[in-house]
Amino acid sequence: MANHLFRNAAIYSPQDRGKPASGHAQGDLLHIPQGALLVTDGKIAAIEDEASLLAKIAAADIASETDCRGQCLIPGFVDPHTHICFARRRESEFALRIRGTPYLEILKQGGGILSSVKAVAQTDESQLFEVTRRTALSAMAMGTTTMEVKSGYGLDTENELKMLRVIEQIGQQTPLDVVATFMGAHAVPTDFKDDPDAFVRLVIEEMIPAVEAQGIARFCDVFCEQGVFTLDQSRRILESARDAGLGMKIHADEVHDLGGGGLAAELGAASADHLLSVSDENISRLADSSVVAVLLPATAYSLRKPYARARDMISAGLPVALATDCNPGSSYTESMPFVFGLSVMMMEMSPTEALTGVTLNAAYAIGMARQVGSLDVGKQADFLLLDGETPAMLAYRAGVSPVTAVYKRGKKVASNSRVSEYPALHHLDWNDDN
Ligand code: NIG
Ligand code: FE
């Protein structure tokens with residue numbers, strides 16, 4: 001088996017101790033100032049000080065050598081919360097929001113998520129794939145090597161399964177590892193406006209069994225929010241997902257504190273996401289559980305809401321992961337460097353805590369920590385080079401990606417913000433109708 005050596009790198013990585021990194025450990029990184037990484041068969045075979053690694057292996061055993069020129073080498077980003085499978089953008093809705101119309105008001109009037117539902121229903125699978133692939137590759141060019149993608153713009157069995165097939169294809173036809181989440185309970189469809197419980201029954205009795213039968217999703221998520229799904233409805237949906245063998249996730253306390261964070265703790269969900277309005281009591285309940293808090297600062301930015309209280313969560317011992325939430329409504333960005341920057345500048349996370357948030361803890365939030373999330377021997381050789389000496393460059397370079405190279409399973413898949421083999425992208429008609 002061929003060995004590929006990456007040398008002369010300032011290596012930074014969280015250390016996987018078998019569980020998400022919390023409290024002090026969230027900011028405690030492995031740092032090798034003059035490090036080298038040995039990749040064999042797409043996996044990390046060794047990671048250590050360059051001189052000591054070179055003393056152990058004969059030059060003849062090295063098939064290729066890359067001089068990282070002192071750049072920073074970190075694990076590939078894991079984006080544990082996205083909605084990148086959508087058919088049309090919502091620029092006119094953005095115009096309304098920046099003039100003051102609240103996000104949930106737009107949804108109440110049949111726009112927002114419901115306009116994305118209409119667009120997905122009108123779009124065939126191959127076009128939906130093209131649009132989704134474009135966003136996925138753009139994320140990869142900025143350093144994302146693993147991502148979670150949710151359904152939830154279908155809201156009926158046929159269209160939810162269509163989305164999940166597209167999501168599966170993104171994993172198969174791009175270098176990315178993709179984790180699919182079924183989110184049939186993303187909004188109450190217009191037809192069920194007067195009887196949301198009937199829709200909850202449809203999710204439980206028809207959609208979850210169909211998703212289970214096809215084995216096409218790893219997790220189930222629900223939007224627990226005023227005017228969307230109540231705490232009790234969310235509990236029923238997540239319990240039946242759990243009984244069907246799916247992991248549980250919840251959009252919790254994004255706008256209003258309905259107690260979604262507490263529900264995640266009670267059910268032992270894999271993650272509780274958003275948490276902009278979570279109570280102190282539920283922060284401590286979450287800290288006492290095995291749940292990872294997935295924070296989405298680009299959503300707070302886009303909705304002009306106060307950011308999640310990352311400092312309080314880390315102090316309480318709750319592991320924090322970071323994600324883009326990329327979607328055409330509340331957070332239209334696939335940039336993990338932007339999310340990293342917001343977490344440092346707006347949530348006062350240290351760059352070392354943020355690095356754990358975009359890698360190891362994110363991998364735990366989507367059940368991928370055995371494969372990715374840190375530079376440990378045996379894990380996939382998913383890593384990035386940064387134009388900078390420390391990961392702080394990701395916050396320092398505001399609005400710009402300092403990622404100069406992206407490696408997936410040891411192979412370079414993007415450099416200087418461009419993917420290496422950019423497949424022909426057809427002309428996309430993905431703007432909204434207005
Ligand atoms: O995480 N909150 C619900 N879902 C997404 C928004 C989806 C949309 O507006 O299309 C979120 O913010
Ligand atoms: Fe979301």
# chains A, B, ... in the order shown; residues from 1 in each chain; ligands from 1
call {"tool": "residues_around", "arguments": {"residues": "A:Asp177", "least_positions_apart": "4", "cutoff": "10 Å", "atoms": "only C-alpha atoms", "output": "number ranges by chain"}}
result
A: 78, 144-148, 168, 170-172, 368, 371-372, 408
call {"tool": "residues_around", "arguments": {"residues": "A:Ala321", "least_positions_apart": "5", "cutoff": "10 Å", "atoms": "only C-alpha atoms", "output": "list in words"}}
result
Pro20, Ala21, Gln26, Val78, Asp79, Pro80, His81, Ser271, Asp273, Val292, Ala293, Val294, Leu295, Leu296, Ala310, Glu353, Ala354, Leu355, Thr356, Gly357, Val358, Thr359, Leu360, Asn361, Ala362, Ala363, Tyr364 and Ala365 of chain A
call {"tool": "closest_atom_pairs", "arguments": {"of": "chain A", "to": "ligand 2", "cutoff": "7 Å", "atoms": "only C-alpha atoms and all ligand atoms", "output": "tab-separated table"}}
result
residue	atom	partner	partner_atom_place_in_ligand_line	distance
A:His81	CA	ligand 2	1 (Fe)	6.3
A:Thr82	CA	ligand 2	1 (Fe)	6.2
A:His83	CA	ligand 2	1 (Fe)	6.4
A:His251	CA	ligand 2	1 (Fe)	6.4
A:Asp325	CA	ligand 2	1 (Fe)	4.9
call {"tool": "write_last_selection", "arguments": {"atoms": "all heavy atoms", "output": "PDB file, in the first residue's frame"}}
result
ATOM      1  N   HIS A  81     -25.515  20.307  10.180  1.00  0.00           N
ATOM      2  CA  HIS A  81     -26.917  20.747  10.082  1.00  0.00           C
ATOM      3  C   HIS A  81     -27.071  21.599   8.826  1.00  0.00           C
ATOM      4  O   HIS A  81     -26.653  22.752   8.796  1.00  0.00           O
ATOM      5  CB  HIS A  81     -27.282  21.557  11.340  1.00  0.00           C
ATOM      6  CG  HIS A  81     -28.691  22.067  11.389  1.00  0.00           C
ATOM      7  ND1 HIS A  81     -29.429  22.101  12.569  1.00  0.00           N
ATOM      8  CD2 HIS A  81     -29.514  22.582  10.436  1.00  0.00           C
ATOM      9  CE1 HIS A  81     -30.624  22.618  12.321  1.00  0.00           C
ATOM     10  NE2 HIS A  81     -30.697  22.923  11.032  1.00  0.00           N
ATOM     11  N   THR A  82     -27.633  21.010   7.769  1.00  0.00           N
ATOM     12  CA  THR A  82     -27.918  21.801   6.563  1.00  0.00           C
ATOM     13  C   THR A  82     -29.263  21.393   5.956  1.00  0.00           C
ATOM     14  O   THR A  82     -29.773  20.296   6.193  1.00  0.00           O
ATOM     15  CB  THR A  82     -26.850  21.632   5.442  1.00  0.00           C
ATOM     16  OG1 THR A  82     -27.148  20.462   4.668  1.00  0.00           O
ATOM     17  CG2 THR A  82     -25.433  21.546   5.987  1.00  0.00           C
ATOM     18  N   HIS A  83     -29.778  22.329   5.169  1.00  0.00           N
ATOM     19  CA  HIS A  83     -30.985  22.078   4.363  1.00  0.00           C
ATOM     20  C   HIS A  83     -30.627  22.443   2.917  1.00  0.00           C
ATOM     21  O   HIS A  83     -31.317  23.236   2.283  1.00  0.00           O
ATOM     22  CB  HIS A  83     -32.144  22.965   4.808  1.00  0.00           C
ATOM     23  CG  HIS A  83     -32.472  22.939   6.269  1.00  0.00           C
ATOM     24  ND1 HIS A  83     -33.588  22.291   6.775  1.00  0.00           N
ATOM     25  CD2 HIS A  83     -31.869  23.503   7.352  1.00  0.00           C
ATOM     26  CE1 HIS A  83     -33.647  22.469   8.097  1.00  0.00           C
ATOM     27  NE2 HIS A  83     -32.623  23.204   8.473  1.00  0.00           N
ATOM     28  N   HIS A 251     -34.910  20.813  16.124  1.00  0.00           N
ATOM     29  CA  HIS A 251     -34.757  22.267  16.017  1.00  0.00           C
ATOM     30  C   HIS A 251     -35.413  22.821  17.279  1.00  0.00           C
ATOM     31  O   HIS A 251     -36.644  22.876  17.374  1.00  0.00           O
ATOM     32  CB  HIS A 251     -35.483  22.799  14.792  1.00  0.00           C
ATOM     33  CG  HIS A 251     -34.729  22.634  13.506  1.00  0.00           C
ATOM     34  ND1 HIS A 251     -34.327  21.429  13.023  1.00  0.00           N
ATOM     35  CD2 HIS A 251     -34.294  23.566  12.607  1.00  0.00           C
ATOM     36  CE1 HIS A 251     -33.684  21.617  11.867  1.00  0.00           C
ATOM     37  NE2 HIS A 251     -33.657  22.906  11.598  1.00  0.00           N
ATOM     38  N   ASP A 325     -26.472  25.543   8.923  1.00  0.00           N
ATOM     39  CA  ASP A 325     -27.933  25.574   8.752  1.00  0.00           C
ATOM     40  C   ASP A 325     -28.295  25.973   7.325  1.00  0.00           C
ATOM     41  O   ASP A 325     -29.400  26.436   7.072  1.00  0.00           O
ATOM     42  CB  ASP A 325     -28.578  26.556   9.756  1.00  0.00           C
ATOM     43  CG  ASP A 325     -30.090  26.380   9.877  1.00  0.00           C
ATOM     44  OD1 ASP A 325     -30.601  25.302   9.505  1.00  0.00           O
ATOM     45  OD2 ASP A 325     -30.773  27.322  10.351  1.00  0.00           O
TER      46      ASP A 325
END
call {"tool": "select_by_dssp", "arguments": {"residues": "stretch 108-327 of chain A", "states": "helix (DSSP H, G or I)", "output": "ChimeraX atom specification"}}
result
/A:108,113-121,125-141,157-173,190-192,196-214,231-243,260-267,280-287,297-303,310-316
call {"tool": "closest_residue", "arguments": {"among": "A:Leu5, A:Ile113, A:Val188, A:Leu385", "to": "ligand 1", "atoms": "only C-alpha atoms and all ligand atoms"}}
result
A:Ile113
call {"tool": "closest_atom_pairs", "arguments": {"of": "chain A", "to": "ligand 1", "cutoff": "10 Å", "atoms": "only C-alpha atoms and all ligand atoms", "output": "tab-separated table"}}
result
residue	atom	partner	partner_atom_place_in_ligand_line	distance
A:His81	CA	ligand 1	1 (O)	8.0
A:Thr82	CA	ligand 1	1 (O)	7.7
A:His83	CA	ligand 1	7 (C)	6.9
A:Ile84	CA	ligand 1	10 (O)	9.4
A:Phe86	CA	ligand 1	10 (O)	8.3
A:Arg89	CA	ligand 1	10 (O)	9.4
A:Arg90	CA	ligand 1	10 (O)	8.7
A:Glu93	CA	ligand 1	9 (O)	9.8
A:Tyr103	CA	ligand 1	9 (O)	7.8
A:Leu104	CA	ligand 1	9 (O)	9.0
A:Ile106	CA	ligand 1	9 (O)	9.5
A:Leu107	CA	ligand 1	9 (O)	8.2
A:Gly111	CA	ligand 1	9 (O)	9.1
A:Gly112	CA	ligand 1	9 (O)	5.3
A:Ile113	CA	ligand 1	10 (O)	4.2
A:Leu114	CA	ligand 1	10 (O)	7.9
A:Ser115	CA	ligand 1	10 (O)	8.3
A:Ser116	CA	ligand 1	10 (O)	6.5
A:Val117	CA	ligand 1	10 (O)	8.8
A:Lys150	CA	ligand 1	4 (N)	9.6
A:Gly152	CA	ligand 1	7 (C)	8.5
A:Tyr153	CA	ligand 1	10 (O)	7.7
A:Met183	CA	ligand 1	4 (N)	9.5
A:Ala185	CA	ligand 1	3 (C)	9.9
A:His186	CA	ligand 1	3 (C)	6.5
A:Ala187	CA	ligand 1	3 (C)	8.0
A:Asp221	CA	ligand 1	4 (N)	10.0
A:Val222	CA	ligand 1	3 (C)	8.5
A:Phe223	CA	ligand 1	3 (C)	5.8
A:Cys224	CA	ligand 1	2 (N)	8.5
A:Glu225	CA	ligand 1	2 (N)	8.2
A:Val228	CA	ligand 1	3 (C)	9.3
A:Ile250	CA	ligand 1	1 (O)	9.7
A:His251	CA	ligand 1	2 (N)	6.3
A:Ala252	CA	ligand 1	2 (N)	8.7
A:Asp253	CA	ligand 1	2 (N)	9.6
A:Glu254	CA	ligand 1	2 (N)	6.9
A:Val255	CA	ligand 1	2 (N)	8.6
A:Asp273	CA	ligand 1	1 (O)	8.1
A:His274	CA	ligand 1	1 (O)	7.3
A:Leu296	CA	ligand 1	1 (O)	8.3
A:Ala298	CA	ligand 1	12 (O)	9.6
A:Thr299	CA	ligand 1	12 (O)	6.4
A:Ala300	CA	ligand 1	12 (O)	9.1
A:Ser302	CA	ligand 1	12 (O)	9.6
A:Leu303	CA	ligand 1	12 (O)	9.0
A:Thr324	CA	ligand 1	1 (O)	9.2
A:Asp325	CA	ligand 1	1 (O)	5.6
A:Cys326	CA	ligand 1	1 (O)	8.0
A:Asn327	CA	ligand 1	10 (O)	5.3
A:Pro328	CA	ligand 1	10 (O)	5.4
A:Gly329	CA	ligand 1	9 (O)	3.7
A:Ser330	CA	ligand 1	9 (O)	4.9
A:Ser331	CA	ligand 1	12 (O)	6.7
A:Tyr332	CA	ligand 1	10 (O)	9.2
call {"tool": "closest_residue", "arguments": {"among": "A:Glu348, A:Val403, A:Glu334, A:Gln380", "to": "A:Tyr307", "atoms": "only C-alpha atoms"}}
result
A:Glu348
call {"tool": "select_by_dssp", "arguments": {"residues": "stretch 70-198 of chain A", "states": "strand (DSSP E or B)", "output": "list of chain:residue names"}}
result
A:Cys72, A:Leu73, A:Ile74, A:Pro75, A:Phe77, A:Val78, A:Asp79, A:Thr144, A:Thr145, A:Thr146, A:Met147, A:Glu148, A:Val149, A:Lys150, A:Asp177, A:Val178, A:Val179, A:Ala180, A:Thr181, A:Phe182, A:Met183, A:Gly184, A:Ala185
call {"tool": "residues_around", "arguments": {"residues": "A:Phe340", "least_positions_apart": "4", "cutoff": "9 Å", "atoms": "only C-alpha atoms", "output": "PDB file with N, CA and C atoms, in the first residue's frame"}}
result
ATOM      1  N   PRO A 297     -24.714  30.044  14.276  1.00  0.00           N
ATOM      2  CA  PRO A 297     -24.619  31.500  14.391  1.00  0.00           C
ATOM      3  C   PRO A 297     -24.973  32.250  13.110  1.00  0.00           C
ATOM      4  N   LEU A 322     -20.771  23.355  15.732  1.00  0.00           N
ATOM      5  CA  LEU A 322     -21.177  24.504  14.918  1.00  0.00           C
ATOM      6  C   LEU A 322     -21.575  24.038  13.523  1.00  0.00           C
ATOM      7  N   ALA A 323     -22.609  24.676  12.957  1.00  0.00           N
ATOM      8  CA  ALA A 323     -23.083  24.285  11.627  1.00  0.00           C
ATOM      9  C   ALA A 323     -23.570  25.511  10.877  1.00  0.00           C
ATOM     10  N   SER A 335     -20.835  28.364   4.099  1.00  0.00           N
ATOM     11  CA  SER A 335     -19.441  28.620   4.467  1.00  0.00           C
ATOM     12  C   SER A 335     -19.152  28.305   5.933  1.00  0.00           C
ATOM     13  N   MET A 336     -18.394  27.241   6.163  1.00  0.00           N
ATOM     14  CA  MET A 336     -17.975  26.949   7.540  1.00  0.00           C
ATOM     15  C   MET A 336     -16.955  27.981   8.053  1.00  0.00           C
ATOM     16  N   VAL A 344     -16.443  32.918  16.950  1.00  0.00           N
ATOM     17  CA  VAL A 344     -15.365  33.559  17.708  1.00  0.00           C
ATOM     18  C   VAL A 344     -15.723  35.017  18.011  1.00  0.00           C
ATOM     19  N   MET A 345     -16.208  35.736  17.004  1.00  0.00           N
ATOM     20  CA  MET A 345     -16.419  37.170  17.187  1.00  0.00           C
ATOM     21  C   MET A 345     -17.726  37.496  17.908  1.00  0.00           C
ATOM     22  N   PRO A 351     -10.738  30.377  19.347  1.00  0.00           N
ATOM     23  CA  PRO A 351     -10.510  29.655  18.084  1.00  0.00           C
ATOM     24  C   PRO A 351     -10.308  28.154  18.295  1.00  0.00           C
ATOM     25  N   ALA A 354     -13.718  26.712  18.841  1.00  0.00           N
ATOM     26  CA  ALA A 354     -14.462  26.735  17.575  1.00  0.00           C
ATOM     27  C   ALA A 354     -13.981  25.609  16.665  1.00  0.00           C
ATOM     28  N   LEU A 355     -12.671  25.347  16.657  1.00  0.00           N
ATOM     29  CA  LEU A 355     -12.164  24.275  15.792  1.00  0.00           C
ATOM     30  C   LEU A 355     -12.785  22.924  16.182  1.00  0.00           C
ATOM     31  N   GLY A 357     -15.615  22.636  17.538  1.00  0.00           N
ATOM     32  CA  GLY A 357     -17.028  22.763  17.155  1.00  0.00           C
ATOM     33  C   GLY A 357     -17.292  22.442  15.699  1.00  0.00           C
ATOM     34  N   VAL A 358     -16.361  22.782  14.818  1.00  0.00           N
ATOM     35  CA  VAL A 358     -16.585  22.532  13.387  1.00  0.00           C
ATOM     36  C   VAL A 358     -16.022  21.187  12.928  1.00  0.00           C
ATOM     37  N   LEU A 394      -9.144  31.579  10.557  1.00  0.00           N
ATOM     38  CA  LEU A 394     -10.516  31.399  10.061  1.00  0.00           C
ATOM     39  C   LEU A 394     -11.460  32.485  10.570  1.00  0.00           C
ATOM     40  N   ALA A 395     -11.117  33.129  11.682  1.00  0.00           N
ATOM     41  CA  ALA A 395     -11.931  34.243  12.182  1.00  0.00           C
ATOM     42  C   ALA A 395     -11.318  35.585  11.777  1.00  0.00           C
TER      43      ALA A 395
END
call {"tool": "atom_distance", "arguments": {"atom1": "atom CA of A:Ser64", "atom2": "atom CA of A:Ala10"}}
result
19.2 Å
